[in-house]
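Text of upload-v7.tsv, listed as TSV, C-alpha atoms:
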chain	number	residue	atom	x	y	z
Z	20	MET	CA	3.82	1.44	38.85
Z	21	ALA	CA	0.94	1.07	36.37
Z	22	PRO	CA	1.05	4.71	35.23
Z	23	TRP	CA	4.72	4.37	34.28
Z	24	LEU	CA	4.23	1.05	32.52
Z	25	GLY	CA	1.27	2.68	30.79
Z	26	THR	CA	3.49	5.49	29.55
Z	27	LEU	CA	5.87	2.92	28.09
Z	28	CYS	CA	3.01	1.03	26.36
Z	29	ARG	CA	1.59	4.27	25.06
Z	30	LEU	CA	4.90	5.44	23.58
Z	31	VAL	CA	5.72	2.08	21.99
Z	32	LEU	CA	2.27	1.85	20.40
Z	33	ALA	CA	2.53	5.47	19.28
Z	34	GLY	CA	5.83	4.67	17.57
Z	35	VAL	CA	4.39	1.58	15.89
Z	36	PHE	CA	1.41	3.44	14.44
Z	37	LEU	CA	3.40	6.50	13.42
Z	38	VAL	CA	5.97	4.35	11.61
Z	39	ALA	CA	3.29	2.14	10.00
Z	40	GLY	CA	1.26	5.14	8.84
Z	41	GLY	CA	4.34	7.11	7.77
Z	42	ALA	CA	5.63	4.21	5.67
Z	43	LYS	CA	2.35	3.98	3.76
Z	44	VAL	CA	1.34	7.61	3.41
Z	45	GLY	CA	3.79	8.35	0.58
Z	46	ASP	CA	2.10	5.96	-1.85
Z	47	LEU	CA	-1.62	5.69	-1.20
Z	48	ALA	CA	-2.24	3.75	-4.41
Z	49	GLU	CA	0.24	1.13	-3.24
Z	50	SER	CA	-1.47	1.04	0.16
Z	51	GLY	CA	-4.76	0.33	-1.63
Z	52	ARG	CA	-3.15	-2.50	-3.59
Z	53	ALA	CA	-1.79	-3.97	-0.34
Z	54	VAL	CA	-5.33	-4.03	1.08
Z	55	ASN	CA	-6.61	-5.46	-2.21
Z	56	ALA	CA	-4.02	-8.24	-2.05
Z	57	TYR	CA	-5.97	-9.76	0.88
Z	58	GLN	CA	-8.89	-10.26	-1.54
Z	59	LEU	CA	-11.42	-9.54	1.19
Z	60	MET	CA	-13.23	-6.67	-0.54
Z	61	PRO	CA	-13.76	-5.28	-4.03
Z	62	TYR	CA	-10.88	-3.19	-5.38
Z	63	GLY	CA	-12.88	0.04	-5.14
Z	64	VAL	CA	-13.42	-0.47	-1.40
Z	65	ALA	CA	-9.81	-1.56	-0.90
Z	66	THR	CA	-8.56	1.71	-2.38
Z	67	VAL	CA	-10.71	3.70	0.08
Z	68	VAL	CA	-9.43	1.66	3.04
Z	69	GLY	CA	-5.87	1.83	1.74
Z	70	ALA	CA	-6.00	5.61	1.35
Z	71	ALA	CA	-7.68	6.31	4.70
Z	72	LEU	CA	-5.71	3.87	6.86
Z	73	PRO	CA	-2.26	5.57	6.84
Z	74	PHE	CA	-3.77	8.89	7.94
Z	75	VAL	CA	-5.85	7.24	10.65
Z	76	GLU	CA	-2.74	5.41	11.88
Z	77	ILE	CA	-0.76	8.65	12.03
Z	78	VAL	CA	-3.45	10.51	13.98
Z	79	LEU	CA	-3.87	7.53	16.28
Z	80	GLY	CA	-0.11	7.53	16.82
Z	81	LEU	CA	-0.22	11.23	17.69
Z	82	LEU	CA	-3.10	10.74	20.14
Z	83	LEU	CA	-1.13	8.00	21.87
Z	84	LEU	CA	2.07	10.01	21.80
Z	85	VAL	CA	0.60	12.97	23.67
Z	86	GLY	CA	-1.74	10.77	25.69
Z	87	VAL	CA	-5.08	12.33	24.93
Z	88	ALA	CA	-8.24	10.21	25.24
Z	89	THR	CA	-5.93	7.33	26.03
Z	90	ARG	CA	-8.59	4.72	26.72
Z	91	LEU	CA	-10.40	5.48	23.48
Z	92	ALA	CA	-7.15	5.54	21.49
Z	93	ALA	CA	-6.14	2.21	23.03
Z	94	GLY	CA	-9.55	0.81	22.08
Z	95	VAL	CA	-9.16	1.95	18.48
Z	96	ALA	CA	-5.62	0.56	18.37
Z	97	ALA	CA	-6.82	-2.79	19.74
Z	98	THR	CA	-9.65	-2.90	17.20
Z	99	LEU	CA	-7.28	-2.19	14.31
Z	100	LEU	CA	-4.85	-4.84	15.52
Z	101	VAL	CA	-7.62	-7.43	15.83
Z	102	VAL	CA	-8.68	-6.62	12.26
Z	103	PHE	CA	-5.06	-6.93	11.05
Z	104	VAL	CA	-4.61	-10.28	12.78
Z	105	ALA	CA	-7.89	-11.52	11.31
Z	106	GLY	CA	-6.84	-10.34	7.84
Z	107	ILE	CA	-3.44	-12.00	7.98
Z	108	SER	CA	-4.92	-15.21	9.41
Z	109	SER	CA	-7.49	-15.37	6.66
Z	110	ALA	CA	-4.80	-14.81	4.00
Z	111	TRP	CA	-2.84	-17.64	5.59
Z	112	ALA	CA	-5.86	-19.92	5.77
Z	113	ARG	CA	-6.70	-19.30	2.12
Z	114	GLY	CA	-3.12	-20.00	1.09
Z	115	LEU	CA	-2.53	-16.57	-0.44
Z	116	ARG	CA	1.07	-15.65	-1.11
Z	117	ILE	CA	1.26	-12.06	0.06
Z	118	GLU	CA	3.28	-9.77	2.25
Z	119	CYS	CA	1.23	-8.14	5.00
Z	120	GLY	CA	1.85	-4.57	3.84
Z	121	CYS	CA	1.84	-3.53	7.49
Z	122	PHE	CA	4.75	-1.14	7.08
Z	123	GLY	CA	4.36	-0.25	3.42
Z	124	GLY	CA	4.70	-2.30	0.26
Z	125	GLY	CA	1.95	-3.27	-2.11
Z	126	GLY	CA	1.46	-6.76	-0.72
Z	127	GLN	CA	3.86	-8.09	-3.32
Z	128	LEU	CA	6.06	-10.92	-2.19
Z	129	ALA	CA	9.32	-11.47	-4.06
Z	130	ALA	CA	9.16	-14.57	-6.23
Z	131	ASP	CA	11.72	-16.42	-4.11
Z	132	ALA	CA	10.35	-15.36	-0.70
Z	133	SER	CA	7.90	-17.26	1.49
Z	134	PRO	CA	5.11	-15.55	3.39
Z	135	THR	CA	5.86	-14.86	7.07
Z	136	TYR	CA	2.33	-14.92	8.46
Z	137	GLY	CA	3.31	-16.45	11.81
Z	138	PRO	CA	5.79	-13.75	12.88
Z	139	GLU	CA	3.49	-11.03	11.53
Z	140	ILE	CA	0.61	-12.29	13.67
Z	141	ALA	CA	2.88	-12.74	16.71
Z	142	ARG	CA	4.08	-9.17	16.36
Z	143	ASP	CA	0.54	-7.81	16.15
Z	144	LEU	CA	-0.52	-9.88	19.17
Z	145	LEU	CA	2.32	-8.37	21.16
Z	146	PHE	CA	1.10	-4.89	20.23
Z	147	LEU	CA	-2.40	-6.02	21.17
Z	148	VAL	CA	-1.17	-6.85	24.69
Z	149	LEU	CA	0.18	-3.30	25.02
Z	150	ALA	CA	-3.14	-1.86	23.85
Z	151	GLY	CA	-4.95	-4.15	26.30
Z	152	PHE	CA	-2.84	-2.86	29.19
Z	153	LEU	CA	-3.72	0.73	28.25
Z	154	LEU	CA	-7.40	-0.17	28.04
Z	155	ALA	CA	-7.22	-1.50	31.59
Z	156	TYR	CA	-4.98	1.28	32.95
Z	157	PRO	CA	-5.51	4.34	30.77
Z	158	ARG	CA	-4.08	6.74	33.35
Z	159	THR	CA	-0.42	7.25	32.40
Z	160	ARG	CA	2.37	9.65	33.33
Z	161	PHE	CA	3.40	12.49	30.98
Z	162	SER	CA	0.03	12.52	29.26
Z	163	VAL	CA	-2.37	15.27	28.33
Z	164	ASP	CA	-5.07	13.29	30.13
Z	165	ASP	CA	-3.01	13.44	33.29
Z	166	MET	CA	-2.32	17.15	32.89
Z	167	LEU	CA	-5.98	17.97	32.31
Z	168	ALA	CA	-6.96	16.03	35.40
Z	169	GLY	CA	-4.72	18.28	37.46
Z	170	SER	CA	-2.98	17.37	40.66
Z	171	GLY	CA	-5.92	18.15	42.99
Z	172	GLU	CA	-8.25	15.55	41.54
Z	173	ARG	CA	-6.14	12.43	41.38
T	7	MET	CA	-17.67	22.46	66.59
T	8	SER	CA	-21.41	21.93	66.79
T	9	LYS	CA	-23.10	18.97	65.20
T	10	ARG	CA	-24.94	21.27	62.81
T	11	VAL	CA	-21.76	22.86	61.49
T	12	GLN	CA	-20.22	19.43	61.02
T	13	ALA	CA	-23.19	18.25	58.98
T	14	ARG	CA	-23.09	21.38	56.87
T	15	ASN	CA	-19.38	20.90	56.12
T	16	GLU	CA	-19.99	17.30	55.23
T	17	ALA	CA	-22.76	18.24	52.81
T	18	ALA	CA	-20.56	20.89	51.18
T	19	ARG	CA	-17.75	18.37	50.76
T	20	LEU	CA	-20.08	15.86	49.11
T	21	LEU	CA	-21.34	18.50	46.77
T	22	ARG	CA	-17.79	19.49	45.80
T	23	GLU	CA	-16.90	15.87	45.11
T	24	GLN	CA	-20.00	15.38	42.99
T	25	GLU	CA	-19.15	18.46	40.97
T	26	ALA	CA	-15.57	17.29	40.50
T	27	ALA	CA	-16.74	13.89	39.31
T	28	GLN	CA	-19.16	15.58	36.93
T	29	ARG	CA	-16.35	17.73	35.52
T	30	ARG	CA	-14.15	14.67	35.08
T	31	ARG	CA	-16.88	12.86	33.16
T	32	GLN	CA	-17.46	15.86	30.93
T	33	ARG	CA	-13.76	16.25	30.25
T	34	THR	CA	-13.40	12.57	29.33
T	35	LEU	CA	-16.39	12.88	27.05
T	36	TRP	CA	-15.03	15.95	25.33
T	37	THR	CA	-11.52	14.61	24.77
T	38	ALA	CA	-13.02	11.36	23.45
T	39	ALA	CA	-15.27	13.30	21.07
T	40	ILE	CA	-12.34	15.36	19.81
T	41	ALA	CA	-10.20	12.24	19.37
T	42	VAL	CA	-12.94	10.47	17.40
T	43	ALA	CA	-13.46	13.54	15.23
T	44	ALA	CA	-9.70	13.72	14.55
T	45	LEU	CA	-9.59	10.05	13.52
T	46	VAL	CA	-12.60	10.32	11.24
T	47	LEU	CA	-11.26	13.51	9.70
T	48	ALA	CA	-7.89	11.80	9.10
T	49	GLY	CA	-9.62	9.03	7.16
T	50	ILE	CA	-11.56	11.51	5.05
T	51	VAL	CA	-8.42	13.54	4.37
T	52	GLY	CA	-6.64	10.37	3.25
T	53	TRP	CA	-9.41	9.51	0.84
T	54	GLY	CA	-9.43	13.10	-0.45
T	55	VAL	CA	-5.67	13.14	-1.02
T	56	TYR	CA	-5.88	9.84	-2.90
T	57	GLN	CA	-8.75	11.11	-5.08
T	58	ASN	CA	-6.70	14.19	-5.82
T	59	GLN	CA	-3.63	12.18	-6.85
T	60	HIS	CA	-5.78	9.82	-8.86
T	61	SER	CA	-7.68	12.21	-11.08
T	62	GLY	CA	-8.82	9.49	-13.47
T	63	ASP	CA	-7.66	11.46	-16.52
T	64	TYR	CA	-5.12	9.57	-18.56
T	65	THR	CA	-4.02	9.21	-22.15
T	66	THR	CA	-4.44	5.74	-23.62
T	67	PRO	CA	-1.47	4.55	-25.71
T	68	LYS	CA	-2.03	3.64	-29.37
T	69	GLY	CA	-3.53	0.24	-30.06
T	70	ALA	CA	-4.12	-0.65	-26.37
T	71	VAL	CA	-6.49	-3.53	-25.59
T	72	ALA	CA	-10.09	-2.86	-24.57
T	73	ASN	CA	-9.43	-1.89	-20.95
T	74	GLY	CA	-6.78	0.56	-22.12
T	75	ALA	CA	-4.09	-1.07	-20.01
T	76	GLY	CA	-2.48	-3.82	-22.15
T	77	LEU	CA	-0.19	-3.11	-25.11
T	78	PRO	CA	-0.16	-5.80	-27.84
T	79	VAL	CA	3.14	-6.21	-29.66
T	80	SER	CA	2.08	-8.98	-32.06
T	81	ASP	CA	-0.99	-10.82	-33.28
T	82	GLY	CA	-1.86	-14.49	-33.25
T	83	PRO	CA	-4.37	-17.08	-32.02
T	84	VAL	CA	-2.79	-17.66	-28.57
T	85	THR	CA	-2.85	-14.65	-26.27
T	86	VAL	CA	-0.01	-14.25	-23.77
T	87	ASP	CA	-0.45	-11.47	-21.19
T	88	VAL	CA	2.62	-10.48	-19.18
T	89	TYR	CA	2.26	-8.12	-16.20
T	90	TYR	CA	5.61	-6.80	-15.08
T	91	ASP	CA	7.63	-3.98	-13.60
T	92	TYR	CA	10.96	-2.85	-15.10
T	93	MET	CA	12.42	-2.64	-11.58
T	94	CYS	CA	11.58	-6.26	-10.74
T	95	PRO	CA	14.52	-8.72	-10.99
T	96	PHE	CA	12.27	-11.74	-11.54
T	97	CYS	CA	10.55	-9.96	-14.40
T	98	LYS	CA	13.92	-9.52	-16.04
T	99	GLN	CA	14.70	-13.18	-15.43
T	100	PHE	CA	11.41	-14.25	-16.99
T	101	GLU	CA	11.81	-11.91	-19.95
T	102	GLN	CA	15.38	-12.98	-20.69
T	103	SER	CA	14.64	-16.69	-20.43
T	104	SER	CA	11.47	-16.56	-22.52
T	105	ALA	CA	12.35	-13.90	-25.11
T	106	SER	CA	13.72	-16.27	-27.76
T	107	ALA	CA	10.72	-18.61	-27.51
T	108	LEU	CA	8.33	-15.64	-27.69
T	109	ASP	CA	10.22	-14.19	-30.67
T	110	GLN	CA	9.91	-17.50	-32.48
T	111	TRP	CA	6.16	-17.86	-31.82
T	112	MET	CA	5.61	-14.27	-32.87
T	113	SER	CA	7.52	-14.68	-36.10
T	114	GLN	CA	5.38	-17.75	-36.82
T	115	GLY	CA	2.24	-15.70	-36.13
T	116	LYS	CA	1.27	-18.01	-33.29
T	117	VAL	CA	1.15	-15.65	-30.37
T	118	LYS	CA	-0.49	-12.38	-29.53
T	119	LEU	CA	1.84	-10.97	-26.90
T	120	VAL	CA	0.23	-8.31	-24.71
T	121	LEU	CA	2.59	-6.40	-22.43
T	122	HIS	CA	1.31	-4.77	-19.25
T	123	PRO	CA	4.06	-2.56	-17.82
T	124	LEU	CA	3.20	-1.60	-14.23
T	125	GLY	CA	4.41	0.83	-11.61
T	126	PHE	CA	4.16	-1.42	-8.55
T	127	LEU	CA	7.67	-0.95	-7.18
T	128	ASP	CA	8.01	2.83	-7.03
T	129	ARG	CA	9.05	2.44	-3.40
T	130	TYR	CA	12.37	0.94	-4.47
T	131	SER	CA	13.82	3.90	-6.38
T	132	ASN	CA	14.42	6.54	-3.71
T	133	GLY	CA	11.40	8.58	-4.67
T	134	THR	CA	12.31	8.90	-8.36
T	135	GLN	CA	9.39	6.57	-9.22
T	136	TYR	CA	11.45	4.57	-11.67
T	137	SER	CA	8.76	1.89	-12.03
T	138	THR	CA	6.17	4.43	-13.11
T	139	ARG	CA	8.60	6.42	-15.28
T	140	SER	CA	9.91	3.35	-17.09
T	141	ALA	CA	6.38	1.96	-17.65
T	142	ALA	CA	5.31	5.36	-19.00
T	143	ALA	CA	8.39	5.41	-21.26
T	144	ALA	CA	7.41	1.93	-22.48
T	145	ALA	CA	4.02	3.35	-23.51
T	146	CYS	CA	5.91	6.05	-25.45
T	147	ALA	CA	7.91	3.29	-27.14
T	148	ASN	CA	4.63	1.53	-27.93
T	149	ASP	CA	3.45	4.61	-29.81
T	150	GLY	CA	6.73	4.53	-31.73
T	151	GLY	CA	6.07	0.86	-32.63
T	152	LYS	CA	9.08	-0.47	-30.71
T	153	LEU	CA	7.73	-1.59	-27.34
T	154	TRP	CA	9.10	-5.13	-27.45
T	155	GLU	CA	12.59	-4.01	-28.49
T	156	TYR	CA	12.54	-1.22	-25.93
T	157	SER	CA	11.45	-3.62	-23.18
T	158	LYS	CA	14.40	-5.90	-23.86
T	159	ALA	CA	16.78	-2.94	-23.87
T	160	LEU	CA	15.39	-1.64	-20.56
T	161	TYR	CA	15.83	-5.03	-18.91
T	162	ASP	CA	19.40	-5.20	-20.23
T	163	GLN	CA	20.15	-2.09	-18.22
T	164	GLN	CA	17.87	-2.84	-15.26
T	165	PRO	CA	18.89	-0.75	-12.24
T	166	LYS	CA	19.24	-2.33	-8.81
T	167	GLU	CA	16.26	-2.21	-6.47
T	168	GLY	CA	16.87	0.63	-4.04
T	169	SER	CA	18.87	2.73	-6.52
T	170	ASN	CA	17.60	5.90	-8.17
T	171	GLY	CA	16.81	3.94	-11.32
T	172	LEU	CA	17.61	5.25	-14.78
T	173	SER	CA	17.14	8.95	-15.44
T	174	ASP	CA	14.70	10.23	-18.06
T	175	ASP	CA	17.71	11.09	-20.23
T	176	GLN	CA	18.92	7.50	-20.00
T	177	LEU	CA	15.40	6.23	-20.81
T	178	ILE	CA	15.45	8.40	-23.93
T	179	GLN	CA	18.96	7.33	-24.86
T	180	ILE	CA	18.04	3.64	-24.62
T	181	GLY	CA	15.10	4.39	-26.92
T	182	GLY	CA	17.53	5.88	-29.44
T	183	GLY	CA	19.47	2.62	-29.32
T	184	VAL	CA	16.46	0.63	-30.57
T	185	GLY	CA	15.52	3.16	-33.24
T	186	LEU	CA	13.20	5.45	-31.30
T	187	VAL	CA	14.92	8.52	-32.72
T	188	ASP	CA	11.85	10.60	-33.45
T	189	PRO	CA	11.84	13.63	-31.13
T	190	SER	CA	8.24	12.82	-30.16
T	191	PHE	CA	9.56	9.85	-28.14
T	192	ALA	CA	11.87	12.08	-26.11
T	193	THR	CA	9.09	14.61	-25.59
T	194	CYS	CA	6.71	11.85	-24.50
T	195	VAL	CA	9.20	10.54	-21.92
T	196	ARG	CA	10.20	13.97	-20.65
T	197	ASP	CA	6.63	15.27	-20.35
T	198	GLY	CA	5.50	12.12	-18.57
T	199	THR	CA	2.66	11.83	-21.07
T	200	TYR	CA	1.72	8.38	-19.77
T	201	HIS	CA	2.39	8.80	-16.04
T	202	SER	CA	-1.27	8.80	-15.09
T	203	TRP	CA	-1.89	5.98	-17.55
T	204	VAL	CA	0.44	3.81	-15.45
T	205	GLY	CA	-1.87	4.48	-12.48
T	206	HIS	CA	-4.73	3.20	-14.62
T	207	ALA	CA	-2.71	0.13	-15.63
T	208	ASN	CA	-1.97	-0.55	-11.93
T	209	ASP	CA	-5.68	-0.30	-11.14
T	210	GLU	CA	-6.65	-2.68	-13.93
T	211	ALA	CA	-4.02	-5.18	-12.80
T	212	ALA	CA	-5.16	-4.95	-9.17
T	213	LYS	CA	-8.76	-5.54	-10.27
T	214	ARG	CA	-7.54	-8.73	-11.91
T	215	LYS	CA	-6.12	-9.70	-8.48
T	216	ILE	CA	-2.55	-9.27	-9.61
T	217	ASN	CA	-0.38	-8.34	-6.68
T	218	SER	CA	2.98	-9.60	-7.76
T	219	THR	CA	5.14	-9.33	-10.84
T	220	PRO	CA	5.72	-11.04	-13.15
T	221	THR	CA	2.25	-12.49	-13.61
T	222	VAL	CA	1.61	-14.37	-16.83
T	223	PHE	CA	-1.63	-15.51	-18.47
T	224	VAL	CA	-1.99	-17.76	-21.50
T	225	ASN	CA	-5.43	-17.40	-23.09
T	226	GLY	CA	-6.67	-15.99	-19.79
T	227	GLN	CA	-5.27	-18.83	-17.65
T	228	LYS	CA	-2.72	-17.83	-15.06
T	229	ILE	CA	0.51	-19.84	-15.31
T	230	ASP	CA	3.75	-19.99	-13.34
T	231	PRO	CA	6.08	-17.31	-14.66
T	232	THR	CA	8.69	-19.71	-16.03
T	233	VAL	CA	9.68	-20.44	-19.61
T	234	SER	CA	8.80	-24.13	-19.23
T	235	ALA	CA	5.27	-23.40	-17.97
T	236	LEU	CA	4.91	-20.83	-20.74
T	237	THR	CA	6.08	-23.25	-23.43
T	238	SER	CA	3.75	-26.03	-22.40
T	239	ALA	CA	0.79	-23.66	-22.03
T	240	VAL	CA	1.36	-22.06	-25.45
T	241	GLU	CA	1.85	-25.42	-27.13
T	242	ALA	CA	-1.28	-26.83	-25.49
T	243	ALA	CA	-3.28	-23.76	-26.48
T	244	GLY	CA	-1.96	-23.78	-30.05
T	245	LYS	CA	-3.22	-27.30	-30.79
As structure tokens, what does this structure read like?
Amino acid sequence: MAPWLGTLCRLVLAGVFLVAGGAKVGDLAESGRAVNAYQLMPYGVATVVGAALPFVEIVLGLLLLVGVATRLAAGVAATLLVVFVAGISSAWARGLRIECGCFGGGGQLAADASPTYGPEIARDLLFLVLAGFLLAYPRTRFSVDDMLAGSGER
Amino acid sequence: MSKRVQARNEAARLLREQEAAQRRRQRTLWTAAIAVAALVLAGIVGWGVYQNQHSGDYTTPKGAVANGAGLPVSDGPVTVDVYYDYMCPFCKQFEQSSASALDQWMSQGKVKLVLHPLGFLDRYSNGTQYSTRSAAAAACANDGGKLWEYSKALYDQQPKEGSNGLSDDQLIQIGGGVGLVDPSFATCVRDGTYHSWVGHANDEAAKRKINSTPTVFVNGQKIDPTVSALTSAVEAAGK
């Protein structure tokens, strides 16, 4: 059972990271501003993080999609998600009025909108559970890892 | 089968298993190394692409403030900085509700109004980058001495978020309507003379921790972007 559930987790997470990276990759300057909106680092650093993150997310999504180095990919995904949750929580705690920028956008919240930190954190925690499952059971069906292992060595 | 043969088979089996385990470990190590390399490379590529898009070369519009990003349209003792995006509905609302007060203060020589057109909302124009194009066109209007008039005219015809925005031809035509008839204005808009300047203006705004539009400062103090907050801040500062 676990290998099939693992496949599901892997594909869902792959989709999440591919969509998140794909939504940001078209405007790297905007991505940098979204990171800057958290006010956790100087603007110069935020632009580096903002430019690198979408590409890292896309490659991570691809790794998960084909299922190569699954345990490592799940570990990286979990680390990123923990950082995102920490970032959003700290924005919430400091009373910033921003949009998470998770799936694009420059962190700008429309003047009449309220921040939605709670749902954003809940969503990331759900993804974190999926990554946690993969960390525990990295062997999944339809994966390159599985193919490389070959049938004789299961 | 003799005991000796059995022992030999057993030893061979153990050896095979050890070798298989060794191969598995090596394979895991290699795939992990390749995955890490791919992730690191992706980050570096991202940074490289951004650097490439963001060459740092830009033309500063005439009469810009010291950081090259703000465009003064009047002079006076009280400085009002407005950061905005021509695609942003609340910027239009702020501009239209405060324009008559601002016009009055400017005619009395009370206020130095500094406009900061930004390209924050490029995502909302189907890839035509209306925010950046309109902000760049505003810098062209600045050079023609009609930024304030042009701003009002652009807001009057503000496109809906999620539409293609106004075309360059329309941006030029609107300029003609406020007296920007010199062909240099049309050339400036069409050539995107100030496109990369808008990137600089975005950077300067972000450095000032501005992540939403409109953002308004009176003598360096951030205020709520409403005409009542603006009026009380300007009156307090003018005393």
Worksheet item: Within 10 Å of chain Z, which residues of chain T show up when using only C-alpha atoms, listed as a PyMOL selection string?
Response: chain T and resi 23+26-27+29-30+33-42+44-57+59-60+94-97+125-130+133+205+208-220+231
Can those selected residues be exported to a file as an mmCIF file, in the frame of the given file so that it contains C-alpha atoms?
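As written to disk, again12.cif reads:
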data_model
loop_
_atom_site.group_PDB
_atom_site.id
_atom_site.type_symbol
_atom_site.label_atom_id
_atom_site.label_comp_id
_atom_site.auth_asym_id
_atom_site.auth_seq_id
_atom_site.Cartn_x
_atom_site.Cartn_y
_atom_site.Cartn_z
ATOM 1 C CA GLU T 23 -16.900 15.870 45.110
ATOM 2 C CA ALA T 26 -15.570 17.290 40.500
ATOM 3 C CA ALA T 27 -16.740 13.890 39.310
ATOM 4 C CA ARG T 29 -16.350 17.730 35.520
ATOM 5 C CA ARG T 30 -14.150 14.670 35.080
ATOM 6 C CA ARG T 33 -13.760 16.250 30.250
ATOM 7 C CA THR T 34 -13.400 12.570 29.330
ATOM 8 C CA LEU T 35 -16.390 12.880 27.050
ATOM 9 C CA TRP T 36 -15.030 15.950 25.330
ATOM 10 C CA THR T 37 -11.520 14.610 24.770
ATOM 11 C CA ALA T 38 -13.020 11.360 23.450
ATOM 12 C CA ALA T 39 -15.270 13.300 21.070
ATOM 13 C CA ILE T 40 -12.340 15.360 19.810
ATOM 14 C CA ALA T 41 -10.200 12.240 19.370
ATOM 15 C CA VAL T 42 -12.940 10.470 17.400
ATOM 16 C CA ALA T 44 -9.700 13.720 14.550
ATOM 17 C CA LEU T 45 -9.590 10.050 13.520
ATOM 18 C CA VAL T 46 -12.600 10.320 11.240
ATOM 19 C CA LEU T 47 -11.260 13.510 9.700
ATOM 20 C CA ALA T 48 -7.890 11.800 9.100
ATOM 21 C CA GLY T 49 -9.620 9.030 7.160
ATOM 22 C CA ILE T 50 -11.560 11.510 5.050
ATOM 23 C CA VAL T 51 -8.420 13.540 4.370
ATOM 24 C CA GLY T 52 -6.640 10.370 3.250
ATOM 25 C CA TRP T 53 -9.410 9.510 0.840
ATOM 26 C CA GLY T 54 -9.430 13.100 -0.450
ATOM 27 C CA VAL T 55 -5.670 13.140 -1.020
ATOM 28 C CA TYR T 56 -5.880 9.840 -2.900
ATOM 29 C CA GLN T 57 -8.750 11.110 -5.080
ATOM 30 C CA GLN T 59 -3.630 12.180 -6.850
ATOM 31 C CA HIS T 60 -5.780 9.820 -8.860
ATOM 32 C CA CYS T 94 11.580 -6.260 -10.740
ATOM 33 C CA PRO T 95 14.520 -8.720 -10.990
ATOM 34 C CA PHE T 96 12.270 -11.740 -11.540
ATOM 35 C CA CYS T 97 10.550 -9.960 -14.400
ATOM 36 C CA GLY T 125 4.410 0.830 -11.610
ATOM 37 C CA PHE T 126 4.160 -1.420 -8.550
ATOM 38 C CA LEU T 127 7.670 -0.950 -7.180
ATOM 39 C CA ASP T 128 8.010 2.830 -7.030
ATOM 40 C CA ARG T 129 9.050 2.440 -3.400
ATOM 41 C CA TYR T 130 12.370 0.940 -4.470
ATOM 42 C CA GLY T 133 11.400 8.580 -4.670
ATOM 43 C CA GLY T 205 -1.870 4.480 -12.480
ATOM 44 C CA ASN T 208 -1.970 -0.550 -11.930
ATOM 45 C CA ASP T 209 -5.680 -0.300 -11.140
ATOM 46 C CA GLU T 210 -6.650 -2.680 -13.930
ATOM 47 C CA ALA T 211 -4.020 -5.180 -12.800
ATOM 48 C CA ALA T 212 -5.160 -4.950 -9.170
ATOM 49 C CA LYS T 213 -8.760 -5.540 -10.270
ATOM 50 C CA ARG T 214 -7.540 -8.730 -11.910
ATOM 51 C CA LYS T 215 -6.120 -9.700 -8.480
ATOM 52 C CA ILE T 216 -2.550 -9.270 -9.610
ATOM 53 C CA ASN T 217 -0.380 -8.340 -6.680
ATOM 54 C CA SER T 218 2.980 -9.600 -7.760
ATOM 55 C CA THR T 219 5.140 -9.330 -10.840
ATOM 56 C CA PRO T 220 5.720 -11.040 -13.150
ATOM 57 C CA PRO T 231 6.080 -17.310 -14.660
#
Worksheet entry | Shell of 10 Å around T:Gln163, all atoms listed in the file, local chain residues under 2 positions omitted, as a list in words |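 Here the qualifying residues turn out to be Tyr92, Lys98, Lys158, Ala159, Leu160, Tyr161, Pro165, Lys166, Gly171, Leu172, Gln176, Leu177 and Ile180 of chain T.
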For the residues selected in the previous step, produce a file with C-alpha atoms as a PDB file, in the coordinates of the input.
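The resulting file, again.pdb, is shown below:
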ATOM      1  CA  TYR T  92      10.960  -2.850 -15.100  1.00  0.00           C
ATOM      2  CA  LYS T  98      13.920  -9.520 -16.040  1.00  0.00           C
ATOM      3  CA  LYS T 158      14.400  -5.900 -23.860  1.00  0.00           C
ATOM      4  CA  ALA T 159      16.780  -2.940 -23.870  1.00  0.00           C
ATOM      5  CA  LEU T 160      15.390  -1.640 -20.560  1.00  0.00           C
ATOM      6  CA  TYR T 161      15.830  -5.030 -18.910  1.00  0.00           C
ATOM      7  CA  PRO T 165      18.890  -0.750 -12.240  1.00  0.00           C
ATOM      8  CA  LYS T 166      19.240  -2.330  -8.810  1.00  0.00           C
ATOM      9  CA  GLY T 171      16.810   3.940 -11.320  1.00  0.00           C
ATOM     10  CA  LEU T 172      17.610   5.250 -14.780  1.00  0.00           C
ATOM     11  CA  GLN T 176      18.920   7.500 -20.000  1.00  0.00           C
ATOM     12  CA  LEU T 177      15.400   6.230 -20.810  1.00  0.00           C
ATOM     13  CA  ILE T 180      18.040   3.640 -24.620  1.00  0.00           C
TER      14      ILE T 180
END
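The gap separating atom CA of T:Asp230 from atom CA of T:Ser106 is 17.9 Å, in Å to one decimal.
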Item to complete: Could you tell me which of T:Cys194, T:Ala144, T:Ala72, T:Val79 comes closest to T:Gly115 if we count only C-alpha atoms?
Response: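 Distance minimum relative to T:Gly115 lands on T:Val79.
Interatomic distance, atom CA of T:Val71 against atom CA of T:His122: 10.1 Å.
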Worksheet item: Which distance in Å separates atom CA of Z:Phe152 and atom CA of Z:Val54, to one decimal?
Response: 28.2 Å
Item to complete: Rank T:Pro189, T:Pro67, T:Gly150, T:Pro123 by their smallest atom-to-atom distance to T:Asp91, using only C-alpha atoms, and report the top residue only.
Response: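 Going through T:Pro189, T:Pro67, T:Gly150, T:Pro123 one by one, the smallest distance to T:Asp91 is for T:Pro123.
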Item to complete: Please identify all polymer residues within 7 Å of Z:Arg160, counting all atoms listed in the file, omitting same-chain residues fewer than 3 positions from it, and present them as a list in words.
Response: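 Answer for this query is Pro22, Trp23, Thr26 and Asp165 of chain Z.
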